[in-house]
>>> print(open('run.csv').read())   # CSV, C-alpha atoms
chain,number,residue,atom,x,y,z
M,1,MET,CA,91.3,95.2,60.4
M,2,GLU,CA,88.4,96.3,62.6
M,3,THR,CA,90.1,94.6,65.6
M,4,LYS,CA,93.4,96.3,65.0
M,5,LYS,CA,91.6,99.6,64.7
M,6,LEU,CA,89.9,99.0,68.1
M,7,TRP,CA,93.2,98.1,69.7
M,8,LYS,CA,94.8,101.3,68.3
M,9,GLN,CA,92.0,103.4,69.7
M,10,PHE,CA,92.4,101.6,73.0
M,11,ILE,CA,96.1,102.3,73.1
M,12,ARG,CA,95.6,106.0,72.1
M,13,ARG,CA,92.9,106.5,74.8
M,14,ILE,CA,94.8,104.8,77.6
M,15,SER,CA,98.0,106.7,76.6
M,16,LEU,CA,96.0,109.9,76.8
M,17,ILE,CA,94.5,109.0,80.2
M,18,ILE,CA,98.0,108.1,81.5
M,19,THR,CA,99.5,111.3,80.1
M,20,LEU,CA,96.8,113.6,81.5
M,21,PHE,CA,97.0,111.8,84.9
M,22,SER,CA,100.7,112.1,84.9
M,23,LEU,CA,100.7,115.7,83.8
M,24,GLY,CA,98.2,116.4,86.6
M,25,MET,CA,100.5,114.8,89.1
M,26,ILE,CA,103.6,116.6,87.7
M,27,ILE,CA,101.9,120.0,87.8
M,28,GLY,CA,100.5,119.3,91.3
M,29,LEU,CA,104.0,118.3,92.5
M,30,PHE,CA,105.6,121.3,90.8
M,31,PHE,CA,103.3,123.8,92.4
M,32,LYS,CA,103.3,121.9,95.7
M,33,ASN,CA,107.1,122.1,95.7
M,34,ILE,CA,106.9,125.9,95.1
M,35,GLN,CA,104.2,126.3,97.8
M,36,LEU,CA,106.2,124.3,100.4
M,37,LEU,CA,109.3,126.4,99.7
M,38,ASN,CA,107.4,129.7,99.9
M,39,LYS,CA,105.9,128.5,103.2
M,40,GLU,CA,109.3,127.7,104.5
M,41,ILE,CA,110.6,131.2,103.5
M,42,GLU,CA,107.6,132.8,105.1
M,43,SER,CA,108.0,130.7,108.2
M,44,ARG,CA,111.6,131.9,108.5
M,45,ALA,CA,110.5,135.5,108.1
M,46,LYS,CA,107.8,135.1,110.7
M,47,SER,CA,110.3,133.5,113.1
M,48,HIS,CA,112.6,136.5,112.8
M,49,PHE,CA,109.7,138.8,113.3
M,50,ARG,CA,108.6,137.0,116.5
M,51,ASN,CA,112.2,137.0,117.8
M,52,ILE,CA,112.5,140.7,117.3
M,53,VAL,CA,109.1,141.3,119.0
M,54,LEU,CA,110.2,139.2,122.0
M,55,THR,CA,113.5,141.1,122.2
M,56,ARG,CA,111.6,144.4,122.1
M,57,ARG,CA,109.1,143.2,124.7
M,58,TRP,CA,111.9,142.3,127.0
M,59,ASN,CA,113.4,145.8,126.5
M,60,ALA,CA,110.1,147.5,127.0
M,61,ASN,CA,109.3,145.6,130.2
M,62,TYR,CA,112.5,147.2,131.7
M,63,HIS,CA,111.5,150.6,130.2
M,64,GLY,CA,114.6,150.5,128.1
M,65,VAL,CA,118.2,149.3,128.8
M,66,TYR,CA,121.1,151.6,129.7
M,67,VAL,CA,124.5,150.9,128.1
M,68,LYS,CA,127.9,152.6,128.8
M,69,LYS,CA,128.4,155.5,126.6
M,70,ALA,CA,131.6,155.5,124.5
M,71,GLU,CA,132.8,157.4,121.4
M,72,ASP,CA,130.8,155.2,119.0
M,73,VAL,CA,127.7,155.1,121.3
M,74,LEU,CA,125.4,157.9,120.5
M,75,SER,CA,122.4,159.1,122.6
M,76,ASN,CA,118.9,158.8,121.2
M,77,PRO,CA,118.0,162.4,120.2
M,78,TYR,CA,114.3,161.5,120.2
M,79,LEU,CA,114.2,160.7,123.9
M,80,GLU,CA,114.0,163.3,126.8
M,81,ASN,CA,117.1,163.0,129.1
M,82,PRO,CA,118.4,159.7,127.7
M,83,ASP,CA,121.7,160.0,129.6
M,84,VAL,CA,122.5,159.4,133.2
M,85,VAL,CA,125.7,159.7,135.2
M,86,THR,CA,126.6,157.2,137.9
M,87,GLU,CA,128.2,158.0,141.2
M,88,ASP,CA,131.6,157.0,139.8
M,89,GLY,CA,131.1,159.4,136.9
M,90,THR,CA,130.3,156.7,134.2
M,91,VAL,CA,127.9,158.0,131.6
M,92,LEU,CA,125.1,155.6,130.6
M,93,THR,CA,122.6,156.2,127.7
M,94,LEU,CA,119.2,154.7,127.3
M,95,LYS,CA,118.5,152.2,124.5
M,96,ASN,CA,114.8,152.1,124.0
M,97,PRO,CA,113.1,149.3,122.0
M,98,ALA,CA,113.0,151.2,118.7
M,99,LEU,CA,116.7,152.2,118.8
M,100,MET,CA,117.6,148.7,119.9
M,101,THR,CA,115.7,147.2,117.0
M,102,ARG,CA,117.4,149.5,114.4
M,103,GLU,CA,120.9,148.7,115.8
M,104,ILE,CA,120.3,144.9,115.8
M,105,SER,CA,119.1,145.2,112.2
M,106,GLU,CA,122.3,147.0,111.2
M,107,LEU,CA,124.4,144.2,112.8
M,108,ALA,CA,122.3,141.6,110.9
M,109,GLN,CA,122.9,143.4,107.7
M,110,LEU,CA,126.6,143.4,108.3
M,111,ASP,CA,126.5,139.6,108.6
M,112,SER,CA,124.3,139.3,105.4
M,113,LEU,CA,121.7,137.4,107.4
M,114,TYR,CA,118.6,139.4,107.0
M,115,SER,CA,117.4,142.9,107.7
M,116,PHE,CA,114.4,144.3,109.4
M,117,HIS,CA,112.9,147.8,109.8
M,118,ILE,CA,110.6,149.2,112.4
M,119,THR,CA,108.3,151.7,110.9
M,120,SER,CA,105.1,153.6,111.4
M,121,LEU,CA,102.7,155.9,109.5
M,122,ASN,CA,103.5,158.5,112.2
M,123,PRO,CA,107.2,157.9,113.1
M,124,LEU,CA,109.1,160.1,115.6
M,125,ASN,CA,112.4,159.2,113.9
M,126,PRO,CA,112.5,160.0,110.1
M,127,ASN,CA,114.7,157.0,109.7
M,128,ASN,CA,111.6,154.9,110.6
M,129,SER,CA,109.5,156.3,107.7
M,130,PRO,CA,107.9,153.5,105.7
M,131,ASN,CA,108.8,152.6,102.1
M,132,ARG,CA,106.1,151.8,99.5
M,133,PHE,CA,105.6,148.2,100.6
M,134,GLU,CA,105.6,149.1,104.3
M,135,ARG,CA,103.1,151.9,103.8
M,136,LEU,CA,100.7,149.7,101.9
M,137,ALA,CA,101.1,147.0,104.6
M,138,LEU,CA,100.4,149.5,107.4
M,139,GLU,CA,97.3,150.7,105.7
M,140,SER,CA,96.1,147.1,105.3
M,141,PHE,CA,96.8,146.4,109.0
M,142,GLU,CA,94.4,149.3,109.9
M,143,LYS,CA,91.8,147.5,107.8
M,144,GLY,CA,92.3,144.3,109.7
M,145,ASP,CA,95.0,142.3,107.7
M,146,ARG,CA,97.3,140.2,109.9
M,147,ASP,CA,100.4,140.4,107.8
M,148,ALA,CA,101.8,141.2,104.3
M,149,HIS,CA,104.6,139.8,102.1
M,150,GLU,CA,106.1,140.1,98.6
M,151,LYS,CA,109.1,139.2,96.5
M,152,ILE,CA,111.3,141.8,94.9
M,153,ASN,CA,114.4,141.8,92.6
M,154,ARG,CA,117.1,144.3,93.3
M,155,ASP,CA,120.7,144.4,92.1
M,156,ASN,CA,120.3,140.9,90.5
M,157,ARG,CA,119.3,139.5,93.8
M,158,THR,CA,115.9,138.2,95.0
M,159,TYR,CA,114.5,139.2,98.4
M,160,PHE,CA,111.5,138.2,100.4
M,161,ARG,CA,109.7,140.8,102.4
M,162,TYR,CA,107.5,140.1,105.3
M,163,MET,CA,105.7,142.5,107.6
M,164,ALA,CA,103.4,142.3,110.6
M,165,PRO,CA,101.9,144.9,112.8
M,166,LEU,CA,103.1,146.1,116.2
M,167,LYS,CA,100.2,146.7,118.6
M,168,VAL,CA,100.3,149.1,121.6
M,169,GLU,CA,101.0,147.2,124.8
M,170,GLN,CA,101.0,148.7,128.3
M,171,SER,CA,104.8,149.1,128.3
M,172,CYS,CA,104.6,151.1,125.1
M,173,LEU,CA,102.3,153.8,126.5
M,174,GLU,CA,105.1,155.5,128.4
M,175,CYS,CA,106.6,156.8,125.2
M,176,HIS,CA,103.7,156.7,122.7
M,177,ALA,CA,100.7,157.8,124.8
M,178,ARG,CA,101.5,161.4,123.9
M,179,GLN,CA,101.0,160.5,120.2
M,180,GLY,CA,97.4,159.6,120.9
M,181,TYR,CA,97.8,155.8,120.8
M,182,LYS,CA,95.7,153.6,123.1
M,183,LEU,CA,96.2,150.0,124.3
M,184,GLY,CA,95.7,147.6,121.3
M,185,ASP,CA,96.1,150.2,118.6
M,186,VAL,CA,98.3,149.5,115.6
M,187,ARG,CA,101.1,151.9,116.1
M,188,GLY,CA,103.4,150.5,113.4
M,189,GLY,CA,105.0,147.4,112.2
M,190,ILE,CA,108.3,145.6,111.6
M,191,SER,CA,109.3,144.5,108.1
M,192,VAL,CA,111.7,141.6,107.6
M,193,GLU,CA,113.7,141.2,104.4
M,194,ILE,CA,115.5,137.9,103.6
M,195,ASP,CA,117.9,137.3,100.7
M,196,ILE,CA,116.4,134.3,98.9
M,197,THR,CA,118.5,134.3,95.7
M,198,GLU,CA,120.1,131.0,96.4
M,199,VAL,CA,116.8,129.5,97.5
M,200,GLU,CA,115.2,130.7,94.2
M,201,LYS,CA,118.1,129.1,92.2
M,202,SER,CA,117.6,125.8,94.1
M,203,LEU,CA,113.9,126.1,93.4
M,204,ARG,CA,114.5,126.5,89.7
M,205,LEU,CA,116.9,123.6,89.7
M,206,ASN,CA,114.5,121.4,91.5
M,207,SER,CA,111.7,122.4,89.1
M,208,VAL,CA,113.9,121.5,86.1
M,209,LEU,CA,114.8,118.1,87.7
M,210,ILE,CA,111.1,117.4,88.5
M,211,LEU,CA,110.1,118.2,84.9
M,212,VAL,CA,113.0,116.1,83.4
M,213,LEU,CA,112.5,113.1,85.7
M,214,SER,CA,108.7,113.4,85.3
M,215,ALA,CA,109.1,113.4,81.5
M,216,ILE,CA,111.4,110.4,81.6
M,217,SER,CA,109.0,108.6,83.9
M,218,LEU,CA,106.0,109.4,81.7
M,219,LEU,CA,107.8,108.2,78.6
M,220,LEU,CA,108.9,105.0,80.4
M,221,LEU,CA,105.3,104.5,81.7
M,222,LEU,CA,103.9,105.0,78.2
M,223,PHE,CA,106.4,102.6,76.7
M,224,LEU,CA,105.7,99.9,79.4
M,225,THR,CA,102.0,100.4,78.9
M,226,TYR,CA,102.3,100.1,75.1
M,227,THR,CA,104.5,97.0,75.5
M,228,PHE,CA,102.0,95.5,78.0
M,229,VAL,CA,99.0,96.3,75.7
M,230,ARG,CA,100.8,94.8,72.7
M,231,GLN,CA,101.6,91.6,74.6
M,232,LEU,CA,98.0,91.5,75.8
M,233,MET,CA,96.8,92.1,72.3
M,234,ARG,CA,99.0,89.3,70.9
M,235,SER,CA,97.9,87.0,73.7
M,236,ILE,CA,94.2,87.7,73.0
M,237,GLU,CA,94.8,87.3,69.2
M,238,LYS,CA,96.6,84.0,69.8
M,239,SER,CA,93.7,82.8,72.0
M,240,GLN,CA,91.2,83.9,69.4
M,241,GLU,CA,93.1,82.0,66.7
M,242,GLU,CA,93.3,78.9,68.8
M,243,MET,CA,89.6,79.2,69.5
M,244,LYS,CA,88.8,79.6,65.8
M,245,LYS,CA,91.1,76.6,65.1
M,246,LEU,CA,89.3,74.5,67.7
M,247,ALA,CA,86.0,75.5,66.3
M,248,VAL,CA,86.9,74.0,62.9
M,249,THR,CA,89.2,71.2,64.0
M,250,ASP,CA,88.7,67.7,65.1
M,251,GLU,CA,90.4,67.4,68.5
M,252,LEU,CA,91.5,63.8,68.2
M,253,THR,CA,93.0,63.8,64.6
M,254,THR,CA,93.6,67.6,64.3
M,255,LEU,CA,92.0,67.4,60.9
M,256,TYR,CA,89.2,69.8,59.9
M,257,ASN,CA,85.8,68.9,61.3
M,258,ARG,CA,82.6,68.3,59.3
M,259,ARG,CA,81.3,71.8,59.8
M,260,TYR,CA,84.4,73.4,58.3
M,261,PHE,CA,84.3,70.8,55.4
M,262,PHE,CA,80.8,71.9,54.4
M,263,ASP,CA,81.8,75.6,54.6
M,264,LYS,CA,84.8,74.9,52.4
M,265,LEU,CA,82.6,72.8,50.1
M,266,SER,CA,80.2,75.7,49.6
M,267,GLN,CA,83.0,78.1,48.9
M,268,GLU,CA,84.8,75.8,46.4
M,269,PHE,CA,81.5,74.9,44.7
M,270,SER,CA,80.9,78.6,44.0
M,271,ARG,CA,84.5,79.3,42.9
M,272,SER,CA,84.5,76.3,40.5
M,273,LYS,CA,81.3,77.5,38.9
M,274,ARG,CA,82.6,81.1,38.7
M,275,HIS,CA,85.9,80.1,37.1
M,276,GLN,CA,84.6,77.1,35.1
M,277,ARG,CA,86.7,74.5,36.9
M,278,SER,CA,86.1,70.9,37.9
M,279,MET,CA,86.2,69.6,41.5
M,280,ALA,CA,86.2,66.2,43.2
M,281,CYS,CA,85.4,64.7,46.5
M,282,ILE,CA,86.6,61.4,48.1
M,283,MET,CA,84.8,59.7,50.9
M,284,MET,CA,86.7,57.2,53.0
M,285,ASP,CA,85.9,54.7,55.6
M,286,ILE,CA,88.3,52.5,57.7
M,287,ASP,CA,87.6,48.9,57.1
M,288,TYR,CA,86.3,46.9,60.1
M,289,PHE,CA,87.0,49.7,62.5
M,290,LYS,CA,84.6,48.4,65.1
M,291,LYS,CA,86.9,45.3,65.4
M,292,PHE,CA,89.8,47.5,66.6
M,293,ASN,CA,87.6,49.0,69.3
M,294,ASP,CA,86.0,45.8,70.4
M,295,THR,CA,89.3,43.7,70.3
M,296,TYR,CA,91.9,46.2,71.5
M,297,GLY,CA,89.9,48.9,73.2
M,298,HIS,CA,89.1,52.5,72.3
M,299,GLN,CA,92.6,53.7,73.0
M,300,VAL,CA,93.9,51.6,70.1
M,301,GLY,CA,90.9,52.8,68.1
M,302,ASP,CA,92.1,56.3,68.6
M,303,LEU,CA,95.6,55.4,67.6
M,304,VAL,CA,94.2,54.0,64.3
M,305,LEU,CA,92.3,57.2,63.6
M,306,GLN,CA,95.3,59.3,64.3
M,307,SER,CA,97.5,57.1,62.1
M,308,VAL,CA,95.1,57.4,59.2
M,309,ALA,CA,94.9,61.2,59.7
M,310,ARG,CA,98.7,61.5,59.5
M,311,VAL,CA,98.8,59.6,56.2
M,312,LEU,CA,96.0,61.8,54.8
M,313,LYS,CA,97.9,65.0,55.7
M,314,THR,CA,101.0,63.6,54.1
M,315,GLN,CA,99.3,62.7,50.9
M,316,ALA,CA,97.1,65.8,50.5
M,317,ARG,CA,98.1,68.9,48.5
M,318,GLU,CA,98.0,72.4,50.1
M,319,THR,CA,94.9,73.2,48.2
M,320,ASP,CA,93.1,70.1,49.3
M,321,THR,CA,90.8,70.0,52.3
M,322,VAL,CA,91.1,66.9,54.5
M,323,ALA,CA,88.4,66.4,57.2
M,324,ARG,CA,87.1,63.9,59.6
M,325,TYR,CA,83.6,63.4,58.4
M,326,GLY,CA,82.5,61.5,61.5
M,327,GLY,CA,83.4,58.3,63.4
M,328,GLU,CA,85.8,56.4,61.2
M,329,GLU,CA,84.8,58.3,58.1
M,330,PHE,CA,87.1,60.8,56.4
M,331,THR,CA,86.8,63.0,53.3
M,332,VAL,CA,89.0,65.0,51.0
M,333,LEU,CA,87.9,67.9,48.8
M,334,LEU,CA,90.0,68.3,45.7
M,335,PRO,CA,89.6,71.6,43.8
M,336,GLU,CA,90.3,71.7,40.0
M,337,THR,CA,90.6,67.9,39.8
M,338,HIS,CA,88.9,65.6,37.3
M,339,THR,CA,87.9,62.0,37.7
M,340,GLU,CA,91.1,60.4,36.6
M,341,GLY,CA,93.2,62.6,38.9
M,342,ALA,CA,90.9,62.0,41.8
M,343,GLN,CA,91.0,58.2,41.2
M,344,ILE,CA,94.8,58.2,41.1
M,345,PHE,CA,95.0,60.3,44.3
M,346,ALA,CA,92.5,57.9,46.0
M,347,GLU,CA,94.6,54.9,45.1
M,348,LYS,CA,97.7,56.5,46.5
M,349,ILE,CA,95.9,57.1,49.8
M,350,ARG,CA,94.6,53.5,49.8
M,351,ALA,CA,98.1,52.1,49.3
M,352,ALA,CA,99.7,54.4,51.9
M,353,ILE,CA,97.1,53.3,54.5
M,354,GLU,CA,97.6,49.7,53.7
M,355,ALA,CA,101.3,50.1,54.2
M,356,GLU,CA,100.9,51.9,57.5
M,357,ILE,CA,101.6,49.8,60.6
M,358,VAL,CA,99.9,50.8,63.9
M,359,THR,CA,101.7,49.8,67.0
M,360,THR,CA,99.6,49.3,70.1
M,361,PRO,CA,100.7,50.2,73.7
M,362,ASP,CA,101.5,46.5,74.3
M,363,ASN,CA,103.7,46.5,71.1
M,364,GLN,CA,101.3,44.6,68.8
M,365,GLN,CA,101.5,45.7,65.2
M,366,LEU,CA,98.2,46.2,63.3
M,367,ASN,CA,97.4,46.6,59.6
M,368,VAL,CA,94.7,49.0,58.5
M,369,THR,CA,92.9,49.2,55.2
M,370,MET,CA,90.3,51.7,53.8
M,371,SER,CA,87.5,51.8,51.3
M,372,LEU,CA,87.3,54.9,49.2
M,373,GLY,CA,84.5,56.4,47.0
M,374,VAL,CA,85.4,59.0,44.3
M,375,ARG,CA,83.1,61.6,42.7
M,376,ALA,CA,84.4,64.3,40.3
M,377,MET,CA,82.4,66.8,38.4
M,378,LYS,CA,83.3,68.9,35.4
M,379,TYR,CA,82.1,72.5,35.1
M,380,GLU,CA,79.1,71.5,33.0
M,381,GLU,CA,77.9,69.0,35.6
M,382,LEU,CA,78.4,71.6,38.4
M,383,MET,CA,76.2,74.1,36.5
M,384,GLU,CA,73.4,71.5,36.5
M,385,ILE,CA,73.1,71.3,40.3
M,386,ASN,CA,72.4,73.9,43.0
M,387,ASP,CA,73.4,71.9,46.0
M,388,ALA,CA,77.1,71.1,46.6
M,389,ALA,CA,76.1,68.3,49.0
M,390,ILE,CA,75.1,66.2,46.0
M,391,LEU,CA,78.8,65.8,45.2
M,392,VAL,CA,79.4,64.4,48.7
M,393,LYS,CA,76.3,62.2,48.5
M,394,GLN,CA,77.5,60.7,45.3
M,395,ALA,CA,81.0,60.1,46.6
M,396,ASP,CA,79.4,58.4,49.6
M,397,GLN,CA,77.5,56.2,47.2
M,398,ALA,CA,80.8,55.2,45.5
M,399,LEU,CA,82.2,54.4,49.0
M,400,TYR,CA,79.2,52.2,49.7
M,401,ASN,CA,79.9,50.3,46.4
M,402,ALA,CA,83.6,49.9,47.5
M,403,LYS,CA,82.6,48.3,50.8
M,404,GLU,CA,80.0,46.1,49.1
M,405,GLN,CA,82.6,44.8,46.6
M,406,GLY,CA,85.0,43.6,49.3
M,407,ARG,CA,86.6,46.8,50.9
M,408,ASN,CA,90.2,48.0,50.6
M,409,GLN,CA,89.5,49.4,47.2
M,410,VAL,CA,88.6,52.6,45.3
M,411,GLN,CA,85.3,53.0,43.5
M,412,VAL,CA,84.3,55.8,41.2
M,413,PHE,CA,80.7,57.0,41.2
M,414,GLN,CA,78.7,55.6,38.2
M,415,ARG,CA,75.4,57.1,37.1
>>> encode(input="run.csv", output="structure tokens")
Amino acid sequence: METKKLWKQFIRRISLIITLFSLGMIIGLFFKNIQLLNKEIESRAKSHFRNIVLTRRWNANYHGVYVKKAEDVLSNPYLENPDVVTEDGTVLTLKNPALMTREISELAQLDSLYSFHITSLNPLNPNNSPNRFERLALESFEKGDRDAHEKINRDNRTYFRYMAPLKVEQSCLECHARQGYKLGDVRGGISVEIDITEVEKSLRLNSVLILVLSAISLLLLLFLTYTFVRQLMRSIEKSQEEMKKLAVTDELTTLYNRRYFFDKLSQEFSRSKRHQRSMACIMMDIDYFKKFNDTYGHQVGDLVLQSVARVLKTQARETDTVARYGGEEFTVLLPETHTEGAQIFAEKIRAAIEAEIVTTPDNQQLNVTMSLGVRAMKYEELMEINDAAILVKQADQALYNAKEQGRNQVQVFQR
């Protein structure tokens, strides 16, 4: 029971460790997935911002770009003398960086790509006035922040906003010097807005898939771990049982060994006294065993021992304890057996051994006989002694008498 309890504790602890480790990996993977996706969105926004800045810089380096004025092409009202007339009478109007930026943004919005807005805390054009996000961002830029971003929900859509500052360059001073700006000042910024609704949906789907697959993987891992531990536990228990069996078993005959016999004798001695029962012991010795070894070799001697052991196993009851006492000696402990019953049982063994034929490796057939000594004690006799070994000693004395009187016989102990 204690071993099973320890195994259960081990399984619970290793399952907890695996669960915590797996949850840590799942949570890490979950947030890493979100972080990578957010970085990708931010990278896209920054890329748009840089493209806009490069386009503006190109425009500013040429001090604006003139385009042909048509019905849908309006002059910039915030510029002085934006229009010029060529020699052939064509009217051209100046598109400065700010106006160009706003018009490109309008085209991008029409194609549902993204939108961007040039703004400032002191705009010349009211259309370039900052919203809440842009104002907070511009104020943070003046404190040294490099950029700003946020996510918003509007009309059941999700948008990512990114904004970075615009600093005064040499080409900007032509228009903005009169506003008090100097080279390197933050004169405004450009905010980029990207529709990330589909990206957010994909993120949620990926998150669900990660959680589901991770849960399945965790359950599978726990099941495999449990199965492995159970197999390991059974293997160890089997090995322990085999070790216990080897510790109490004679290797050659597979009968119990002498040590186990005396342990069992002590237990049965106490039980017989407690329940007022009789018990008996039979000591046995193979007749002329040394002759088998000397004449035919130890291999044949081992065959004789194994043959005798098989007969004893066949004749014994389940409650009897059959053991190899040592060398060619065997013993049987018979619980709840009186003298007459033990004597009858001993005679059955003697006859069975005598009828047994041992075949040698070279096909010779050998006959084996045994001498047996019987000692049975009633409850009253057991109460008179304190050492169970007396029972074995007296059975051994009866065996000695059987050998002295010609062998191949059963003798009962006589006082």
>>> residues_around(input="run.csv", residues="Gly189 of chain M", least_positions_apart="4", cutoff="9 Å", atoms="all atoms listed in the file", output="ChimeraX atom specification")
/M:117-120,134,137-138,141,163-167
>>> atom_distance(input="run.csv", atom1="atom CA of Ala323 of chain M", atom2="atom CA of Leu255 of chain M")
5.3 Å
>>> atom_distance(input="run.csv", atom1="atom CA of Leu334 of chain M", atom2="atom CA of Cys281 of chain M")
5.9 Å
>>> closest_residue(input="run.csv", among="M:Ser115, M:Ser47, M:Gln411, M:Asn127", to="Met284 of chain M", atoms="all atoms listed in the file")
M:Gln411
>>> closest_residue(input="run.csv", among="M:Glu336, M:Gln240, M:Asp302, M:Asn401", to="Arg271 of chain M", atoms="all atoms listed in the file")
M:Glu336
>>> residues_around(input="run.csv", residues="Ser217 of chain M", least_positions_apart="3", cutoff="12 Å", atoms="only C-alpha atoms", output="list in words")
Ile18, Thr19, Ser22, Leu23, Met25, Ile26, Leu209, Ile210, Leu211, Val212, Leu213, Ser214, Leu220, Leu221, Leu222, Phe223, Leu224 and Thr225 of chain M
>>> atom_distance(input="run.csv", atom1="atom CA of Asn59 of chain M", atom2="atom CA of Asn96 of chain M")
6.9 Å
>>> residues_around(input="run.csv", residues="Glu354 of chain M", least_positions_apart="2", cutoff="8 Å", atoms="only C-alpha atoms", output="JSON, numbers by chain")
{"M": [350, 351, 352, 356, 357, 367, 368, 369, 370]}
>>> residues_around(input="run.csv", residues="Ser307 of chain M", least_positions_apart="3", cutoff="8 Å", atoms="only C-alpha atoms", output="JSON, numbers by chain")
{"M": [303, 304, 310, 311, 356, 358]}
>>> closest_residue(input="run.csv", among="M:Glu347, M:Asp285, M:Glu251, M:Glu150", to="Ile196 of chain M", atoms="only C-alpha atoms")
M:Glu150
>>> residues_around(input="run.csv", residues="Gly406 of chain M", least_positions_apart="2", cutoff="12 Å", atoms="only C-alpha atoms", output="PyMOL selection string")
chain M and resi 287-288+369-372+399-404+408-411
>>> residues_near_point(input="run.csv", point="(111.2, 139.1, 116.4)", cutoff="12 Å", atoms="only C-alpha atoms", output="PyMOL selection string")
chain M and resi 44-58+97+101+104-105+114-118+162-166+189-192
>>> closest_residue(input="run.csv", among="M:Val208, M:Val332, M:Val67, M:Leu74", to="Lys313 of chain M", atoms="all atoms listed in the file")
M:Val332
>>> build_atoms(input="run.csv", residues="segment 125-139 of chain M", atoms="N, CA and C atoms", output="PDB file, in the coordinates of the input")
ATOM      1  N   ASN M 125     111.052 159.157 114.536  1.00  0.00           N
ATOM      2  CA  ASN M 125     112.400 159.200 113.900  1.00  0.00           C
ATOM      3  C   ASN M 125     112.144 159.106 112.368  1.00  0.00           C
ATOM      4  N   PRO M 126     112.611 160.083 111.583  1.00  0.00           N
ATOM      5  CA  PRO M 126     112.500 160.000 110.100  1.00  0.00           C
ATOM      6  C   PRO M 126     113.063 158.782 109.505  1.00  0.00           C
ATOM      7  N   ASN M 127     114.067 158.216 110.183  1.00  0.00           N
ATOM      8  CA  ASN M 127     114.700 157.000 109.700  1.00  0.00           C
ATOM      9  C   ASN M 127     113.700 155.799 109.681  1.00  0.00           C
ATOM     10  N   ASN M 128     112.643 155.976 110.473  1.00  0.00           N
ATOM     11  CA  ASN M 128     111.600 154.900 110.600  1.00  0.00           C
ATOM     12  C   ASN M 128     110.464 155.111 109.628  1.00  0.00           C
ATOM     13  N   SER M 129     110.607 156.029 108.673  1.00  0.00           N
ATOM     14  CA  SER M 129     109.500 156.300 107.700  1.00  0.00           C
ATOM     15  C   SER M 129     109.353 155.052 106.815  1.00  0.00           C
ATOM     16  N   PRO M 130     108.120 154.734 106.449  1.00  0.00           N
ATOM     17  CA  PRO M 130     107.900 153.500 105.700  1.00  0.00           C
ATOM     18  C   PRO M 130     108.195 153.719 104.171  1.00  0.00           C
ATOM     19  N   ASN M 131     108.637 152.608 103.546  1.00  0.00           N
ATOM     20  CA  ASN M 131     108.800 152.600 102.100  1.00  0.00           C
ATOM     21  C   ASN M 131     107.397 152.241 101.478  1.00  0.00           C
ATOM     22  N   ARG M 132     107.356 152.058 100.147  1.00  0.00           N
ATOM     23  CA  ARG M 132     106.100 151.800  99.500  1.00  0.00           C
ATOM     24  C   ARG M 132     105.418 150.522 100.057  1.00  0.00           C
ATOM     25  N   PHE M 133     106.182 149.423 100.116  1.00  0.00           N
ATOM     26  CA  PHE M 133     105.600 148.200 100.600  1.00  0.00           C
ATOM     27  C   PHE M 133     105.134 148.300 102.047  1.00  0.00           C
ATOM     28  N   GLU M 134     105.936 148.974 102.872  1.00  0.00           N
ATOM     29  CA  GLU M 134     105.600 149.100 104.300  1.00  0.00           C
ATOM     30  C   GLU M 134     104.342 149.988 104.462  1.00  0.00           C
ATOM     31  N   ARG M 135     104.232 151.052 103.644  1.00  0.00           N
ATOM     32  CA  ARG M 135     103.100 151.900 103.800  1.00  0.00           C
ATOM     33  C   ARG M 135     101.778 151.185 103.403  1.00  0.00           C
ATOM     34  N   LEU M 136     101.855 150.435 102.282  1.00  0.00           N
ATOM     35  CA  LEU M 136     100.700 149.700 101.900  1.00  0.00           C
ATOM     36  C   LEU M 136     100.311 148.618 102.926  1.00  0.00           C
ATOM     37  N   ALA M 137     101.342 148.006 103.528  1.00  0.00           N
ATOM     38  CA  ALA M 137     101.100 147.000 104.600  1.00  0.00           C
ATOM     39  C   ALA M 137     100.456 147.634 105.779  1.00  0.00           C
ATOM     40  N   LEU M 138     100.983 148.792 106.214  1.00  0.00           N
ATOM     41  CA  LEU M 138     100.400 149.500 107.400  1.00  0.00           C
ATOM     42  C   LEU M 138      98.994 149.875 107.173  1.00  0.00           C
ATOM     43  N   GLU M 139      98.697 150.341 105.986  1.00  0.00           N
ATOM     44  CA  GLU M 139      97.300 150.700 105.700  1.00  0.00           C
ATOM     45  C   GLU M 139      96.396 149.495 105.710  1.00  0.00           C
TER      46      GLU M 139
END
